[in-house]
Structures are given as C-alpha cells and as structure tokens.
$ cat input-v3.pdb   # PDB, C-alpha atoms
MODEL        1
ATOM      1  CA  VAL A  27      42.802 147.884   2.736  1.00  0.00           C
ATOM      2  CA  ASN A  28      40.590 147.307  -0.317  1.00  0.00           C
ATOM      3  CA  PHE A  29      43.630 146.409  -2.410  1.00  0.00           C
ATOM      4  CA  ILE A  30      44.771 143.802   0.149  1.00  0.00           C
ATOM      5  CA  PHE A  31      41.257 142.377   0.326  1.00  0.00           C
ATOM      6  CA  LEU A  32      41.049 142.123  -3.476  1.00  0.00           C
ATOM      7  CA  TYR A  33      44.538 140.618  -3.683  1.00  0.00           C
ATOM      8  CA  LEU A  34      43.758 137.963  -1.041  1.00  0.00           C
ATOM      9  CA  SER A  35      40.408 137.227  -2.688  1.00  0.00           C
ATOM     10  CA  GLY A  36      42.201 136.718  -6.008  1.00  0.00           C
ATOM     11  CA  LEU A  37      44.744 134.368  -4.411  1.00  0.00           C
ATOM     12  CA  LEU A  38      41.959 132.447  -2.751  1.00  0.00           C
ATOM     13  CA  TRP A  39      40.116 132.118  -6.064  1.00  0.00           C
ATOM     14  CA  VAL A  40      43.259 130.913  -7.927  1.00  0.00           C
ATOM     15  CA  THR A  41      44.012 128.418  -5.135  1.00  0.00           C
ATOM     16  CA  TYR A  42      40.439 127.124  -5.230  1.00  0.00           C
ATOM     17  CA  ARG A  43      40.561 126.670  -9.031  1.00  0.00           C
ATOM     18  CA  ARG A  44      43.859 124.768  -8.812  1.00  0.00           C
ATOM     19  CA  TRP A  45      42.490 122.584  -6.018  1.00  0.00           C
ATOM     20  CA  ARG A  46      39.377 121.784  -8.094  1.00  0.00           C
ATOM     21  CA  SER A  47      41.545 120.912 -11.091  1.00  0.00           C
ATOM     22  CA  ALA A  48      43.791 118.654  -8.996  1.00  0.00           C
ATOM     23  CA  GLU A  49      40.739 117.019  -7.399  1.00  0.00           C
ATOM     24  CA  ARG A  50      39.226 116.352 -10.845  1.00  0.00           C
ATOM     25  CA  LYS A  51      42.503 114.751 -12.017  1.00  0.00           C
ATOM     26  CA  ARG A  52      42.678 112.625  -8.850  1.00  0.00           C
ATOM     27  CA  ARG A  53      39.113 111.344  -9.368  1.00  0.00           C
ATOM     28  CA  GLU A  54      39.899 110.582 -13.009  1.00  0.00           C
ATOM     29  CA  LEU A  55      43.011 108.602 -12.009  1.00  0.00           C
ATOM     30  CA  GLU A  56      41.053 106.711  -9.355  1.00  0.00           C
ATOM     31  CA  GLY A  57      38.402 105.888 -11.967  1.00  0.00           C
ATOM     32  CA  VAL A  58      41.029 104.443 -14.307  1.00  0.00           C
ATOM     33  CA  ILE A  59      42.639 102.472 -11.483  1.00  0.00           C
ATOM     34  CA  THR A  60      39.399 100.946 -10.254  1.00  0.00           C
ATOM     35  CA  SER A  61      38.215  99.998 -13.761  1.00  0.00           C
ATOM     36  CA  ILE A  62      41.198  97.735 -14.478  1.00  0.00           C
ATOM     37  CA  ASP A  63      40.342  94.075 -13.867  1.00  0.00           C
ATOM     38  CA  PRO A  64      41.488  91.255 -13.338  1.00  0.00           C
ATOM     39  CA  ASP A  65      44.983  92.716 -12.977  1.00  0.00           C
ATOM     40  CA  ALA A  66      45.891  94.581  -9.822  1.00  0.00           C
ATOM     41  CA  LEU A  67      47.070  98.157 -10.263  1.00  0.00           C
ATOM     42  CA  VAL A  68      49.091  99.558  -7.379  1.00  0.00           C
ATOM     43  CA  VAL A  69      50.558 103.069  -6.984  1.00  0.00           C
ATOM     44  CA  ILE A  70      53.651 103.028  -4.756  1.00  0.00           C
ATOM     45  CA  ASP A  71      55.679 105.986  -3.479  1.00  0.00           C
ATOM     46  CA  ALA A  72      59.476 106.163  -3.124  1.00  0.00           C
ATOM     47  CA  LYS A  73      59.235 104.858   0.462  1.00  0.00           C
ATOM     48  CA  GLN A  74      57.615 101.641  -0.874  1.00  0.00           C
ATOM     49  CA  THR A  75      54.233 102.607   0.604  1.00  0.00           C
ATOM     50  CA  ILE A  76      51.043 101.737  -1.266  1.00  0.00           C
ATOM     51  CA  LEU A  77      49.212 104.995  -2.048  1.00  0.00           C
ATOM     52  CA  MET A  78      46.353 103.575  -4.159  1.00  0.00           C
ATOM     53  CA  CYS A  79      45.203 100.271  -5.583  1.00  0.00           C
ATOM     54  CA  ASN A  80      42.205  98.896  -7.401  1.00  0.00           C
ATOM     55  CA  LYS A  81      39.664  96.338  -6.214  1.00  0.00           C
ATOM     56  CA  ALA A  82      41.429  93.546  -8.124  1.00  0.00           C
ATOM     57  CA  VAL A  83      43.875  93.266  -5.194  1.00  0.00           C
ATOM     58  CA  GLU A  84      40.993  91.887  -3.139  1.00  0.00           C
ATOM     59  CA  LYS A  85      40.505  88.950  -5.526  1.00  0.00           C
ATOM     60  CA  MET A  86      44.211  88.423  -6.134  1.00  0.00           C
ATOM     61  CA  PHE A  87      45.658  88.811  -2.628  1.00  0.00           C
ATOM     62  CA  GLY A  88      42.673  88.689  -0.259  1.00  0.00           C
ATOM     63  CA  TYR A  89      43.349  92.130   1.253  1.00  0.00           C
ATOM     64  CA  THR A  90      40.850  94.967   0.979  1.00  0.00           C
ATOM     65  CA  VAL A  91      41.924  98.230  -0.610  1.00  0.00           C
ATOM     66  CA  GLU A  92      41.684  99.872   2.818  1.00  0.00           C
ATOM     67  CA  GLU A  93      43.961  97.232   4.388  1.00  0.00           C
ATOM     68  CA  LEU A  94      46.656  97.775   1.750  1.00  0.00           C
ATOM     69  CA  THR A  95      46.569 101.566   1.465  1.00  0.00           C
ATOM     70  CA  GLY A  96      49.385 102.936   3.615  1.00  0.00           C
ATOM     71  CA  GLN A  97      51.132  99.548   3.960  1.00  0.00           C
ATOM     72  CA  SER A  98      54.561  98.634   2.619  1.00  0.00           C
ATOM     73  CA  VAL A  99      54.279  96.984  -0.790  1.00  0.00           C
ATOM     74  CA  GLY A 100      56.472  94.197   0.604  1.00  0.00           C
ATOM     75  CA  ILE A 101      53.310  92.743   2.170  1.00  0.00           C
ATOM     76  CA  LEU A 102      52.407  91.438  -1.302  1.00  0.00           C
ATOM     77  CA  TYR A 103      55.687  89.549  -1.783  1.00  0.00           C
ATOM     78  CA  SER A 104      56.561  86.136  -0.364  1.00  0.00           C
ATOM     79  CA  ASP A 105      60.173  87.097   0.376  1.00  0.00           C
ATOM     80  CA  SER A 106      60.613  90.626   1.710  1.00  0.00           C
ATOM     81  CA  GLN A 107      64.432  90.500   1.457  1.00  0.00           C
ATOM     82  CA  SER A 108      64.446  89.647  -2.242  1.00  0.00           C
ATOM     83  CA  PHE A 109      61.741  92.282  -2.715  1.00  0.00           C
ATOM     84  CA  SER A 110      64.046  94.973  -1.289  1.00  0.00           C
ATOM     85  CA  ASP A 111      66.752  93.893  -3.717  1.00  0.00           C
ATOM     86  CA  GLN A 112      64.258  93.872  -6.598  1.00  0.00           C
ATOM     87  CA  TRP A 113      62.991  97.324  -5.584  1.00  0.00           C
ATOM     88  CA  ARG A 114      66.491  98.827  -5.771  1.00  0.00           C
ATOM     89  CA  GLU A 115      67.155  97.139  -9.131  1.00  0.00           C
ATOM     90  CA  MET A 116      63.773  98.249 -10.457  1.00  0.00           C
ATOM     91  CA  HIS A 117      64.360 101.909  -9.496  1.00  0.00           C
ATOM     92  CA  HIS A 118      67.766 101.793 -11.170  1.00  0.00           C
ATOM     93  CA  ILE A 119      66.190 100.484 -14.403  1.00  0.00           C
ATOM     94  CA  LEU A 120      63.238 102.891 -14.204  1.00  0.00           C
ATOM     95  CA  GLY A 121      65.660 105.801 -14.057  1.00  0.00           C
ATOM     96  CA  LYS A 122      67.051 104.727 -17.436  1.00  0.00           C
ATOM     97  CA  GLU A 123      64.161 103.123 -19.304  1.00  0.00           C
ATOM     98  CA  GLY A 124      60.918 104.291 -17.701  1.00  0.00           C
ATOM     99  CA  PHE A 125      59.414 100.806 -17.221  1.00  0.00           C
ATOM    100  CA  HIS A 126      60.416  97.401 -15.878  1.00  0.00           C
ATOM    101  CA  ILE A 127      58.974  93.890 -16.293  1.00  0.00           C
ATOM    102  CA  GLN A 128      59.687  91.231 -13.701  1.00  0.00           C
ATOM    103  CA  SER A 129      58.480  87.943 -12.282  1.00  0.00           C
ATOM    104  CA  ALA A 130      58.045  87.503  -8.559  1.00  0.00           C
ATOM    105  CA  SER A 131      56.427  85.317  -5.937  1.00  0.00           C
ATOM    106  CA  GLY A 132      53.480  86.960  -4.242  1.00  0.00           C
ATOM    107  CA  LYS A 133      51.889  86.133  -0.938  1.00  0.00           C
ATOM    108  CA  LYS A 134      48.158  86.193  -0.322  1.00  0.00           C
ATOM    109  CA  LYS A 135      46.645  87.250   2.990  1.00  0.00           C
ATOM    110  CA  ASP A 136      46.091  83.572   3.865  1.00  0.00           C
ATOM    111  CA  GLY A 137      49.786  82.798   3.204  1.00  0.00           C
ATOM    112  CA  GLU A 138      49.328  81.080  -0.158  1.00  0.00           C
ATOM    113  CA  VAL A 139      52.201  81.801  -2.540  1.00  0.00           C
ATOM    114  CA  ILE A 140      51.306  82.808  -6.095  1.00  0.00           C
ATOM    115  CA  SER A 141      53.367  83.521  -9.212  1.00  0.00           C
ATOM    116  CA  LEU A 142      53.251  87.114 -10.407  1.00  0.00           C
ATOM    117  CA  GLU A 143      54.203  89.022 -13.515  1.00  0.00           C
ATOM    118  CA  ILE A 144      54.686  92.718 -12.774  1.00  0.00           C
ATOM    119  CA  VAL A 145      54.965  95.631 -15.186  1.00  0.00           C
ATOM    120  CA  THR A 146      56.154  98.763 -13.397  1.00  0.00           C
ATOM    121  CA  GLY A 147      56.290 102.299 -14.737  1.00  0.00           C
ATOM    122  CA  ASN A 148      57.809 105.471 -13.379  1.00  0.00           C
ATOM    123  CA  LEU A 149      55.536 108.110 -11.784  1.00  0.00           C
ATOM    124  CA  GLN A 150      57.753 111.136 -11.428  1.00  0.00           C
ATOM    125  CA  SER A 151      55.002 113.334  -9.996  1.00  0.00           C
ATOM    126  CA  PHE A 152      54.674 110.947  -7.024  1.00  0.00           C
ATOM    127  CA  ASP A 153      58.408 110.156  -6.926  1.00  0.00           C
ATOM    128  CA  GLY A 154      57.207 106.580  -7.126  1.00  0.00           C
ATOM    129  CA  VAL A 155      55.867 103.926  -9.454  1.00  0.00           C
ATOM    130  CA  VAL A 156      52.698 102.337 -10.752  1.00  0.00           C
ATOM    131  CA  SER A 157      52.676  98.534 -10.997  1.00  0.00           C
ATOM    132  CA  LEU A 158      50.330  96.350 -13.003  1.00  0.00           C
ATOM    133  CA  ILE A 159      50.332  92.948 -11.297  1.00  0.00           C
ATOM    134  CA  ARG A 160      49.077  89.791 -13.000  1.00  0.00           C
ATOM    135  CA  ASP A 161      48.594  86.402 -11.321  1.00  0.00           C
ATOM    136  CA  VAL A 162      50.311  83.870 -13.607  1.00  0.00           C
ATOM    137  CA  THR A 163      50.076  80.879 -11.261  1.00  0.00           C
ATOM    138  CA  GLU A 164      47.848  78.855 -13.608  1.00  0.00           C
ATOM    139  CA  LYS A 165      50.021  79.745 -16.590  1.00  0.00           C
ATOM    140  CA  LYS A 166      53.130  78.551 -14.714  1.00  0.00           C
ATOM    141  CA  LYS A 167      51.411  75.279 -13.771  1.00  0.00           C
ATOM    142  CA  ALA A 168      50.406  74.703 -17.407  1.00  0.00           C
ATOM    143  CA  GLU A 169      53.963  75.411 -18.610  1.00  0.00           C
ATOM    144  CA  GLU A 170      55.383  72.989 -16.032  1.00  0.00           C
ATOM    145  CA  SER A 171      52.853  70.335 -17.077  1.00  0.00           C
ATOM    146  CA  ILE A 172      53.812  70.727 -20.742  1.00  0.00           C
ATOM    147  CA  GLN A 173      57.530  70.541 -19.901  1.00  0.00           C
ATOM    148  CA  GLN A 174      56.921  67.405 -17.851  1.00  0.00           C
ATOM    149  CA  ALA A 175      54.958  65.807 -20.713  1.00  0.00           C
ATOM    150  CA  TYR A 176      57.732  66.633 -23.194  1.00  0.00           C
ATOM    151  CA  GLY A 177      60.293  65.213 -20.779  1.00  0.00           C
ATOM    152  CA  GLU A 178      58.353  61.964 -20.431  1.00  0.00           C
ATOM    153  CA  LEU A 179      57.881  61.697 -24.182  1.00  0.00           C
ATOM    154  CA  ASP A 180      61.577  62.362 -24.758  1.00  0.00           C
ATOM    155  CA  GLN A 181      62.507  59.716 -22.181  1.00  0.00           C
ATOM    156  CA  ILE A 182      60.204  57.126 -23.811  1.00  0.00           C
ATOM    157  CA  PHE A 183      61.538  57.957 -27.248  1.00  0.00           C
ATOM    158  CA  ASN A 184      65.215  57.749 -26.186  1.00  0.00           C
ATOM    159  CA  THR A 185      64.958  54.555 -24.108  1.00  0.00           C
ATOM    160  CA  ALA A 186      62.729  52.438 -26.328  1.00  0.00           C
ATOM    161  CA  ALA A 187      64.240  49.088 -27.423  1.00  0.00           C
ATOM    162  CA  ASP A 188      62.543  49.325 -30.814  1.00  0.00           C
ATOM    163  CA  GLY A 189      63.329  51.889 -33.458  1.00  0.00           C
ATOM    164  CA  MET A 190      60.829  54.789 -33.634  1.00  0.00           C
ATOM    165  CA  TRP A 191      60.389  57.909 -35.637  1.00  0.00           C
ATOM    166  CA  VAL A 192      57.908  60.743 -35.725  1.00  0.00           C
ATOM    167  CA  VAL A 193      55.846  61.271 -38.850  1.00  0.00           C
ATOM    168  CA  GLY A 194      54.083  64.562 -39.507  1.00  0.00           C
ATOM    169  CA  LYS A 195      50.624  65.055 -41.012  1.00  0.00           C
ATOM    170  CA  ASP A 196      52.225  65.416 -44.432  1.00  0.00           C
ATOM    171  CA  SER A 197      53.741  61.874 -44.057  1.00  0.00           C
ATOM    172  CA  LYS A 198      57.271  63.261 -43.741  1.00  0.00           C
ATOM    173  CA  VAL A 199      59.635  61.923 -41.083  1.00  0.00           C
ATOM    174  CA  MET A 200      60.419  64.678 -38.630  1.00  0.00           C
TER     175      MET A 200
ENDMDL
END

$ encode --input "input-v3.pdb" --output "structure tokens"
Amino acid sequence: VNFIFLYLSGLLWVTYRRWRSAERKRRELEGVITSIDPDALVVIDAKQTILMCNKAVEKMFGYTVEELTGQSVGILYSDSQSFSDQWREMHHILGKEGFHIQSASGKKKDGEVISLEIVTGNLQSFDGVVSLIRDVTEKKKAEESIQQAYGELDQIFNTAADGMWVVGKDSKVM
C-alpha cells in the first residue's frame, strides 16, 4: 500500500511539474503575441479556428479578441470561398517550405474591405499555423495613385503636339 501511495504521489508530482512548465510556456507565448503591434498575430488550428490573437485585431478588424477566439478565420476575409482555396494552397506550401506570404482582401466587422499582406508559418505542435497580418490598404492606395500619375504623365508626353524630352539634374537627356 505504501509503495502504491508513493508511486501515485510521484506521478502526481511529475504531472504537476509538466503542467507548470506548459503553463509557463503558454503565458510566454501569449506575452509575445500581445506585444506585437500594429500587426495582427493570429494562431489558427487545422480546422481553421482561431485559437489566439493579439489586441491589434481590435484596431485592424474591429472585433475584440474574445469575439474572434473560437471563430473560423474566414470571418476576417472578404470572400470566404477564395479563402478556402487559399487555405488549401497555403497548407500545401507550408508542408514544403514552412512559411507562406500572400495578399488577400480582409473584411472588418463593419463590412469595410481592407487590403492585407499575410505571412503564415507552420505550427506543428498545434497542427495549425500562425499568421502575421498587416493592413496595407494605405500602401495600395499610394501605389495606385503613383501608377495613375505615371499614366497621366505618359499620356501627356506621348500625345503632345510639340516635341519634348526629359532632362535629368546632370543636364543629360533621359
């Protein structure tokens, strides 16, 4: 009887130590996740369910962390069908390379569509992924504005009745 008691006490002690170690690692991971800003960090399992996310999702998407935890990650995308296709492609690539970079259209809680850049890495221990999501809406608008300005300049240059050329700062014709 004493041997069984000692054996069970030892098992209980080992289990408690492992639980404390796992709990310490979980708190450390949560600390890293919550400290990342302004990018959203989202941990997603193989069933496409959001397990964890940082507070940046509140600013980026308008959902609280509590609202997103346990939801399908598709809630953050503007087109759930293309998201499913992207998810399958991403898992295929992650199996080979370990990370994946993609662009997508996100959807805020209020329905506004935003441009996203997403870097996703494999989390084998969760049989899922971790995604770093960046809102690139302003960057996209700036790029479109620059392209439009170049297009207008090109059109003016090519349709002018008078001859024109471009001279650089060093007085050379470009």

$ residues_around --input "input-v3.pdb" --residues "stretch 146-156 of chain A" --least-positions-apart "6" --cutoff "6 Å" --atoms "only C-alpha atoms" --output "compact mmCIF listing (two decimals) with C-alpha atoms, in the frame of the given file"
# COMPACT_ATOMS: atom_id res chain seq x y z
CA VAL A 68 49.09 99.56 -7.38
CA VAL A 69 50.56 103.07 -6.98
CA ILE A 70 53.65 103.03 -4.76
CA ASP A 71 55.68 105.99 -3.48
CA ALA A 72 59.48 106.16 -3.12
CA GLY A 124 60.92 104.29 -17.70
CA PHE A 125 59.41 100.81 -17.22
CA HIS A 126 60.42 97.40 -15.88

$ resolve_selection --input "input-v3.pdb" --expression "the PyMOL selection byres ((chain A and resi 52-62) around 12)" --output "PyMOL selection string"
chain A and resi 45-51+63-69+77-84+91+156-160

$ resolve_selection --input "input-v3.pdb" --expression "the PyMOL selection byres ((chain A and resi 104) around 6)" --output "PyMOL selection string"
chain A and resi 103+105+131-133

$ write_last_selection --input "input-v3.pdb" --atoms "C-alpha atoms" --output "compact mmCIF listing (two decimals), keeping the file's coordinate frame"
# COMPACT_ATOMS: atom_id res chain seq x y z
CA TYR A 103 55.69 89.55 -1.78
CA ASP A 105 60.17 87.10 0.38
CA SER A 131 56.43 85.32 -5.94
CA GLY A 132 53.48 86.96 -4.24
CA LYS A 133 51.89 86.13 -0.94

$ closest_residue --input "input-v3.pdb" --among "A:Val192, A:Ser141, A:Leu38, A:Glu93" --to "A:Asp180" --atoms "all atoms listed in the file"
A:Val192

$ atom_distance --input "input-v3.pdb" --atom1 "atom CA of A:Leu102" --atom2 "atom CA of A:Glu169"
23.6 Å

$ residues_around --input "input-v3.pdb" --residues "A:Ser110" --least-positions-apart "3" --cutoff "12 Å" --atoms "all atoms listed in the file" --output "list in words"
Lys73, Gln74, Ser98, Val99, Gly100, Ile101, Tyr103, Ser104, Asp105, Ser106, Gln107, Trp113, Arg114, Glu115, Met116 and His117 of chain A

$ write_last_selection --input "input-v3.pdb" --atoms "C-alpha atoms" --output "CSV table (one decimal), keeping the file's coordinate frame"
chain,number,residue,atom,x,y,z
A,73,LYS,CA,59.2,104.9,0.5
A,74,GLN,CA,57.6,101.6,-0.9
A,98,SER,CA,54.6,98.6,2.6
A,99,VAL,CA,54.3,97.0,-0.8
A,100,GLY,CA,56.5,94.2,0.6
A,101,ILE,CA,53.3,92.7,2.2
A,103,TYR,CA,55.7,89.5,-1.8
A,104,SER,CA,56.6,86.1,-0.4
A,105,ASP,CA,60.2,87.1,0.4
A,106,SER,CA,60.6,90.6,1.7
A,107,GLN,CA,64.4,90.5,1.5
A,113,TRP,CA,63.0,97.3,-5.6
A,114,ARG,CA,66.5,98.8,-5.8
A,115,GLU,CA,67.2,97.1,-9.1
A,116,MET,CA,63.8,98.2,-10.5
A,117,HIS,CA,64.4,101.9,-9.5

$ atom_distance --input "input-v3.pdb" --atom1 "atom CA of A:Lys135" --atom2 "atom CA of A:Ala168"
24.2 Å
